[in-house]
file protein_16.pdb (PDB, C-alpha atoms)
ATOM      1  CA  MET A   1      15.289 -17.018   4.779  1.00  0.00           C
ATOM      2  CA  ASN A   2      13.589 -16.802   8.152  1.00  0.00           C
ATOM      3  CA  GLY A   3      10.090 -15.414   8.722  1.00  0.00           C
ATOM      4  CA  LYS A   4      11.257 -12.047  10.052  1.00  0.00           C
ATOM      5  CA  LYS A   5      13.356 -11.350   6.956  1.00  0.00           C
ATOM      6  CA  ILE A   6      10.487 -12.323   4.679  1.00  0.00           C
ATOM      7  CA  VAL A   7       8.161  -9.913   6.501  1.00  0.00           C
ATOM      8  CA  TYR A   8      10.728  -7.112   6.199  1.00  0.00           C
ATOM      9  CA  ALA A   9      11.252  -7.875   2.500  1.00  0.00           C
ATOM     10  CA  LEU A  10       7.503  -7.808   1.831  1.00  0.00           C
ATOM     11  CA  LYS A  11       7.103  -4.442   3.549  1.00  0.00           C
ATOM     12  CA  GLY A  12      10.051  -2.952   1.656  1.00  0.00           C
ATOM     13  CA  LEU A  13       8.907  -4.402  -1.679  1.00  0.00           C
ATOM     14  CA  TYR A  14       5.356  -3.063  -1.345  1.00  0.00           C
ATOM     15  CA  SER A  15       6.712   0.344  -0.385  1.00  0.00           C
ATOM     16  CA  LEU A  16       9.168   0.279  -3.293  1.00  0.00           C
ATOM     17  CA  GLY A  17       6.378  -0.443  -5.765  1.00  0.00           C
ATOM     18  CA  HIS A  18       4.144   2.378  -4.571  1.00  0.00           C
ATOM     19  CA  ASN A  19       6.953   4.865  -4.187  1.00  0.00           C
ATOM     20  CA  SER A  20       8.302   4.091  -7.655  1.00  0.00           C
ATOM     21  CA  ILE A  21       5.053   5.399  -9.117  1.00  0.00           C
ATOM     22  CA  ALA A  22       4.033   8.172  -6.713  1.00  0.00           C
ATOM     23  CA  PRO A  23       6.809  10.702  -7.532  1.00  0.00           C
ATOM     24  CA  ILE A  24       6.251  10.594 -11.304  1.00  0.00           C
ATOM     25  CA  LEU A  25       2.465  10.402 -11.193  1.00  0.00           C
ATOM     26  CA  PRO A  26       1.781  14.174 -11.062  1.00  0.00           C
ATOM     27  CA  ALA A  27       4.001  14.749 -14.095  1.00  0.00           C
ATOM     28  CA  TYR A  28       2.202  12.010 -15.995  1.00  0.00           C
ATOM     29  CA  LEU A  29      -1.221  13.319 -14.980  1.00  0.00           C
ATOM     30  CA  THR A  30      -0.402  16.712 -16.522  1.00  0.00           C
ATOM     31  CA  THR A  31      -0.721  14.945 -19.889  1.00  0.00           C
ATOM     32  CA  ILE A  32      -4.387  14.311 -19.023  1.00  0.00           C
ATOM     33  CA  THR A  33      -5.232  17.638 -17.378  1.00  0.00           C
ATOM     34  CA  SER A  34      -3.568  20.859 -16.362  1.00  0.00           C
ATOM     35  CA  SER A  35      -5.657  21.367 -13.241  1.00  0.00           C
ATOM     36  CA  ALA A  36      -3.620  21.047 -10.075  1.00  0.00           C
ATOM     37  CA  THR A  37      -6.831  20.373  -8.144  1.00  0.00           C
ATOM     38  CA  GLN A  38      -7.684  17.396 -10.335  1.00  0.00           C
ATOM     39  CA  ILE A  39      -4.128  16.052 -10.117  1.00  0.00           C
ATOM     40  CA  GLY A  40      -4.292  16.387  -6.329  1.00  0.00           C
ATOM     41  CA  MET A  41      -7.424  14.196  -6.275  1.00  0.00           C
ATOM     42  CA  VAL A  42      -5.356  11.104  -7.078  1.00  0.00           C
ATOM     43  CA  PRO A  43      -3.062  11.044  -4.007  1.00  0.00           C
ATOM     44  CA  ALA A  44      -5.980  12.367  -1.928  1.00  0.00           C
ATOM     45  CA  ALA A  45      -8.068   9.346  -2.972  1.00  0.00           C
ATOM     46  CA  TYR A  46      -5.236   7.052  -1.860  1.00  0.00           C
ATOM     47  CA  GLN A  47      -4.933   8.757   1.536  1.00  0.00           C
ATOM     48  CA  LEU A  48      -8.712   8.881   1.980  1.00  0.00           C
ATOM     49  CA  SER A  49      -9.049   5.128   1.547  1.00  0.00           C
ATOM     50  CA  ARG A  50      -6.129   4.516   3.916  1.00  0.00           C
ATOM     51  CA  THR A  51      -7.639   6.830   6.546  1.00  0.00           C
ATOM     52  CA  ILE A  52     -11.217   5.579   6.384  1.00  0.00           C
ATOM     53  CA  GLY A  53     -10.103   1.982   5.996  1.00  0.00           C
ATOM     54  CA  ALA A  54      -7.878   2.127   9.062  1.00  0.00           C
ATOM     55  CA  LEU A  55     -11.064   1.982  11.117  1.00  0.00           C
ATOM     56  CA  PHE A  56     -11.815  -1.482   9.689  1.00  0.00           C
ATOM     57  CA  PHE A  57      -8.596  -3.078   8.375  1.00  0.00           C
ATOM     58  CA  GLY A  58      -7.357  -4.309  11.743  1.00  0.00           C
ATOM     59  CA  HIS A  59     -10.704  -5.937  12.507  1.00  0.00           C
ATOM     60  CA  ILE A  60     -10.769  -7.583   9.082  1.00  0.00           C
ATOM     61  CA  SER A  61      -7.233  -8.888   9.548  1.00  0.00           C
ATOM     62  CA  ASP A  62      -8.045 -10.286  12.988  1.00  0.00           C
ATOM     63  CA  ARG A  63     -11.273 -11.864  11.802  1.00  0.00           C
ATOM     64  CA  ILE A  64     -10.077 -13.648   8.654  1.00  0.00           C
ATOM     65  CA  GLY A  65      -6.435 -14.118   9.624  1.00  0.00           C
ATOM     66  CA  TYR A  66      -3.182 -12.467   8.610  1.00  0.00           C
ATOM     67  CA  LYS A  67      -2.332 -14.757   5.704  1.00  0.00           C
ATOM     68  CA  LYS A  68      -5.759 -14.429   4.094  1.00  0.00           C
ATOM     69  CA  SER A  69      -5.663 -10.657   4.633  1.00  0.00           C
ATOM     70  CA  LEU A  70      -2.250 -10.409   2.981  1.00  0.00           C
ATOM     71  CA  ALA A  71      -3.409 -12.542   0.045  1.00  0.00           C
ATOM     72  CA  PHE A  72      -6.538 -10.378  -0.269  1.00  0.00           C
ATOM     73  CA  ALA A  73      -4.455  -7.183  -0.226  1.00  0.00           C
ATOM     74  CA  VAL A  74      -2.075  -8.467  -2.901  1.00  0.00           C
ATOM     75  CA  THR A  75      -5.038  -9.592  -5.025  1.00  0.00           C
ATOM     76  CA  ILE A  76      -6.545  -6.098  -4.819  1.00  0.00           C
ATOM     77  CA  ALA A  77      -3.158  -4.580  -5.771  1.00  0.00           C
ATOM     78  CA  LEU A  78      -2.881  -6.842  -8.820  1.00  0.00           C
ATOM     79  CA  ILE A  79      -6.409  -6.000  -9.937  1.00  0.00           C
ATOM     80  CA  MET A  80      -5.710  -2.281  -9.503  1.00  0.00           C
ATOM     81  CA  ALA A  81      -2.488  -2.622 -11.519  1.00  0.00           C
ATOM     82  CA  PHE A  82      -4.545  -4.161 -14.315  1.00  0.00           C
ATOM     83  CA  PHE A  83      -7.079  -1.311 -14.138  1.00  0.00           C
ATOM     84  CA  MET A  84      -4.277   1.243 -14.134  1.00  0.00           C
ATOM     85  CA  LEU A  85      -3.305   0.051 -17.613  1.00  0.00           C
ATOM     86  CA  GLY A  86      -6.697   1.215 -18.889  1.00  0.00           C
ATOM     87  CA  ALA A  87      -6.972   4.427 -16.864  1.00  0.00           C
ATOM     88  CA  LYS A  88      -7.493   7.401 -19.152  1.00  0.00           C
ATOM     89  CA  SER A  89      -8.926  10.138 -16.951  1.00  0.00           C
ATOM     90  CA  ILE A  90      -8.252  11.713 -13.582  1.00  0.00           C
ATOM     91  CA  THR A  91     -11.362   9.981 -12.242  1.00  0.00           C
ATOM     92  CA  ASP A  92     -10.022   6.610 -13.422  1.00  0.00           C
ATOM     93  CA  PHE A  93      -6.693   7.227 -11.694  1.00  0.00           C
ATOM     94  CA  ALA A  94      -8.392   8.474  -8.512  1.00  0.00           C
ATOM     95  CA  LEU A  95     -10.520   5.304  -8.349  1.00  0.00           C
ATOM     96  CA  VAL A  96      -7.498   3.080  -8.989  1.00  0.00           C
ATOM     97  CA  PHE A  97      -5.482   4.811  -6.281  1.00  0.00           C
ATOM     98  CA  PHE A  98      -8.442   4.572  -3.909  1.00  0.00           C
ATOM     99  CA  GLY A  99      -8.308   0.798  -4.460  1.00  0.00           C
ATOM    100  CA  ILE A 100      -4.532   0.775  -4.039  1.00  0.00           C
ATOM    101  CA  GLY A 101      -5.002   2.618  -0.742  1.00  0.00           C
ATOM    102  CA  ILE A 102      -7.366  -0.104   0.453  1.00  0.00           C
ATOM    103  CA  SER A 103      -4.838  -2.724  -0.587  1.00  0.00           C
ATOM    104  CA  ALA A 104      -1.971  -0.921   1.126  1.00  0.00           C
ATOM    105  CA  GLY A 105      -3.958  -0.382   4.310  1.00  0.00           C
ATOM    106  CA  ILE A 106      -4.890  -4.040   4.639  1.00  0.00           C
ATOM    107  CA  PHE A 107      -1.383  -5.135   3.657  1.00  0.00           C
ATOM    108  CA  TYR A 108       0.507  -2.916   6.105  1.00  0.00           C
ATOM    109  CA  ILE A 109      -1.795  -3.528   9.073  1.00  0.00           C
ATOM    110  CA  SER A 110      -1.877  -7.296   8.506  1.00  0.00           C
ATOM    111  CA  LEU A 111       1.869  -7.488   7.989  1.00  0.00           C
ATOM    112  CA  ASP A 112       2.588  -5.454  11.136  1.00  0.00           C
ATOM    113  CA  ALA A 113       0.137  -7.525  13.175  1.00  0.00           C
ATOM    114  CA  MET A 114       1.600 -10.774  11.882  1.00  0.00           C
ATOM    115  CA  ALA A 115       5.153  -9.631  12.578  1.00  0.00           C
ATOM    116  CA  THR A 116       4.391  -8.639  16.152  1.00  0.00           C
ATOM    117  CA  THR A 117       2.510 -11.891  16.739  1.00  0.00           C
ATOM    118  CA  ILE A 118       5.234 -14.241  15.535  1.00  0.00           C
ATOM    119  CA  HIS A 119       8.143 -12.400  17.154  1.00  0.00           C
ATOM    120  CA  GLY A 120       8.598 -11.718  20.844  1.00  0.00           C
ATOM    121  CA  LYS A 121      10.328  -8.332  20.690  1.00  0.00           C
ATOM    122  CA  LYS A 122       7.565  -6.175  19.267  1.00  0.00           C
ATOM    123  CA  GLY A 123       9.391  -2.832  19.380  1.00  0.00           C
ATOM    124  CA  LYS A 124      12.411  -4.233  17.585  1.00  0.00           C
ATOM    125  CA  VAL A 125      10.241  -5.871  14.927  1.00  0.00           C
ATOM    126  CA  LEU A 126       8.188  -2.709  14.350  1.00  0.00           C
ATOM    127  CA  SER A 127      11.345  -0.616  14.002  1.00  0.00           C
ATOM    128  CA  GLY A 128      12.677  -3.135  11.481  1.00  0.00           C
ATOM    129  CA  LEU A 129       9.422  -2.864   9.532  1.00  0.00           C
ATOM    130  CA  GLU A 130       9.708   0.924   9.499  1.00  0.00           C
ATOM    131  CA  ILE A 131      13.279   0.649   8.220  1.00  0.00           C
ATOM    132  CA  ALA A 132      12.094  -1.682   5.445  1.00  0.00           C
ATOM    133  CA  TYR A 133       9.214   0.657   4.549  1.00  0.00           C
ATOM    134  CA  HIS A 134      11.409   3.747   4.390  1.00  0.00           C
ATOM    135  CA  THR A 135      14.103   1.909   2.451  1.00  0.00           C
ATOM    136  CA  GLY A 136      11.465   1.218  -0.202  1.00  0.00           C
ATOM    137  CA  PHE A 137      10.306   4.816   0.113  1.00  0.00           C
ATOM    138  CA  LEU A 138      13.841   6.072  -0.611  1.00  0.00           C
ATOM    139  CA  LEU A 139      14.675   3.576  -3.354  1.00  0.00           C
ATOM    140  CA  GLY A 140      11.361   4.021  -5.173  1.00  0.00           C
ATOM    141  CA  PRO A 141      12.130   7.426  -6.718  1.00  0.00           C
ATOM    142  CA  LEU A 142      15.634   6.283  -7.671  1.00  0.00           C
TER     143      LEU A 142
END
call {"tool": "encode", "arguments": {"input": "protein_16.pdb", "output": "structure tokens"}}
result
Amino acid sequence: MNGKKIVYALKGLYSLGHNSIAPILPAYLTTITSSATQIGMVPAAYQLSRTIGALFFGHISDRIGYKKSLAFAVTIALIMAFFMLGAKSITDFALVFFGIGISAGIFYISLDAMATTIHGKKGKVLSGLEIAYHTGFLLGPL
């Protein structure tokens, strides 16, 4: 498998993992609380970390390198998956998804930067990455 296909597969796989959980999460969280505001804190924590982190993730990726950034992002995701097993409250889930947002932000930015660096046709590569992401987005709920 060539490098471009591996990059596409990684983007689709990460998206598939997140989007397999995201659609069922609100239903699961109703077993912990009935407050829609509290349930909404979990995806908000994810988006907050992605938004704030976007100011720094590109710089981190450039400074330490794409491969190290990707390894760091996957390590964070694995740690957060472990913590998710023990999450028992809305606050626990919000903190876990905040960490997952950091992981996803570093992962996506580093992967996109790496893909556009190793391949000459940047627009074509970025569109392929978007296709891989949205394929995972569509297959996740299925």
call {"tool": "resolve_selection", "arguments": {"input": "protein_16.pdb", "expression": "the PyMOL selection byres ((chain A and resi 18-34) around 10)", "output": "list in words"}}
result
Leu13, Tyr14, Ser15, Leu16, Gly17, Ser35, Ala36, Thr37, Gln38, Ile39, Gly40, Val42, Pro43, Lys88, Ser89, Ile90, Phe93, Ile100, Gly101, Ala104, Tyr133, His134, Gly136, Phe137, Leu138, Leu139, Gly140, Pro141 and Leu142 of chain A
call {"tool": "closest_residue", "arguments": {"input": "protein_16.pdb", "among": "A:Ile118, A:Ala71, A:Ile131, A:Ala94", "to": "A:Ala44", "atoms": "only C-alpha atoms"}}
result
A:Ala94
call {"tool": "residues_around", "arguments": {"input": "protein_16.pdb", "residues": "stretch 54-65 of chain A", "least_positions_apart": "4", "cutoff": "10 Å", "atoms": "all atoms listed in the file", "output": "list in words"}}
result
Leu48, Ser49, Arg50, Ser69, Leu70, Phe72, Ile102, Ser103, Gly105, Ile106, Phe107, Tyr108, Ile109, Ser110, Leu111, Ala113 and Met114 of chain A
call {"tool": "closest_residue", "arguments": {"input": "protein_16.pdb", "among": "A:Thr75, A:Val96, A:Tyr66, A:Ala132", "to": "A:Thr117", "atoms": "only C-alpha atoms"}}
result
A:Tyr66
call {"tool": "closest_residue", "arguments": {"input": "protein_16.pdb", "among": "A:Ala115, A:Lys5, A:Lys121, A:Gly99", "to": "A:Gly53", "atoms": "all atoms listed in the file"}}
result
A:Gly99
call {"tool": "atom_distance", "arguments": {"input": "protein_16.pdb", "atom1": "atom CA of A:Val7", "atom2": "atom CA of A:Leu129"}}
result
7.8 Å
call {"tool": "atom_distance", "arguments": {"input": "protein_16.pdb", "atom1": "atom CA of A:Ser127", "atom2": "atom CA of A:Gly12"}}
result
12.6 Å
call {"tool": "closest_residue", "arguments": {"input": "protein_16.pdb", "among": "A:Ala81, A:Val125, A:Phe98, A:Asp92", "to": "A:Thr51", "atoms": "all atoms listed in the file"}}
result
A:Phe98
call {"tool": "atom_distance", "arguments": {"input": "protein_16.pdb", "atom1": "atom CA of A:Ala87", "atom2": "atom CA of A:Val74"}}
result
19.6 Å
call {"tool": "closest_residue", "arguments": {"input": "protein_16.pdb", "among": "A:Tyr46, A:Gly128, A:Met41, A:Lys11", "to": "A:Phe97", "atoms": "all atoms listed in the file"}}
result
A:Tyr46
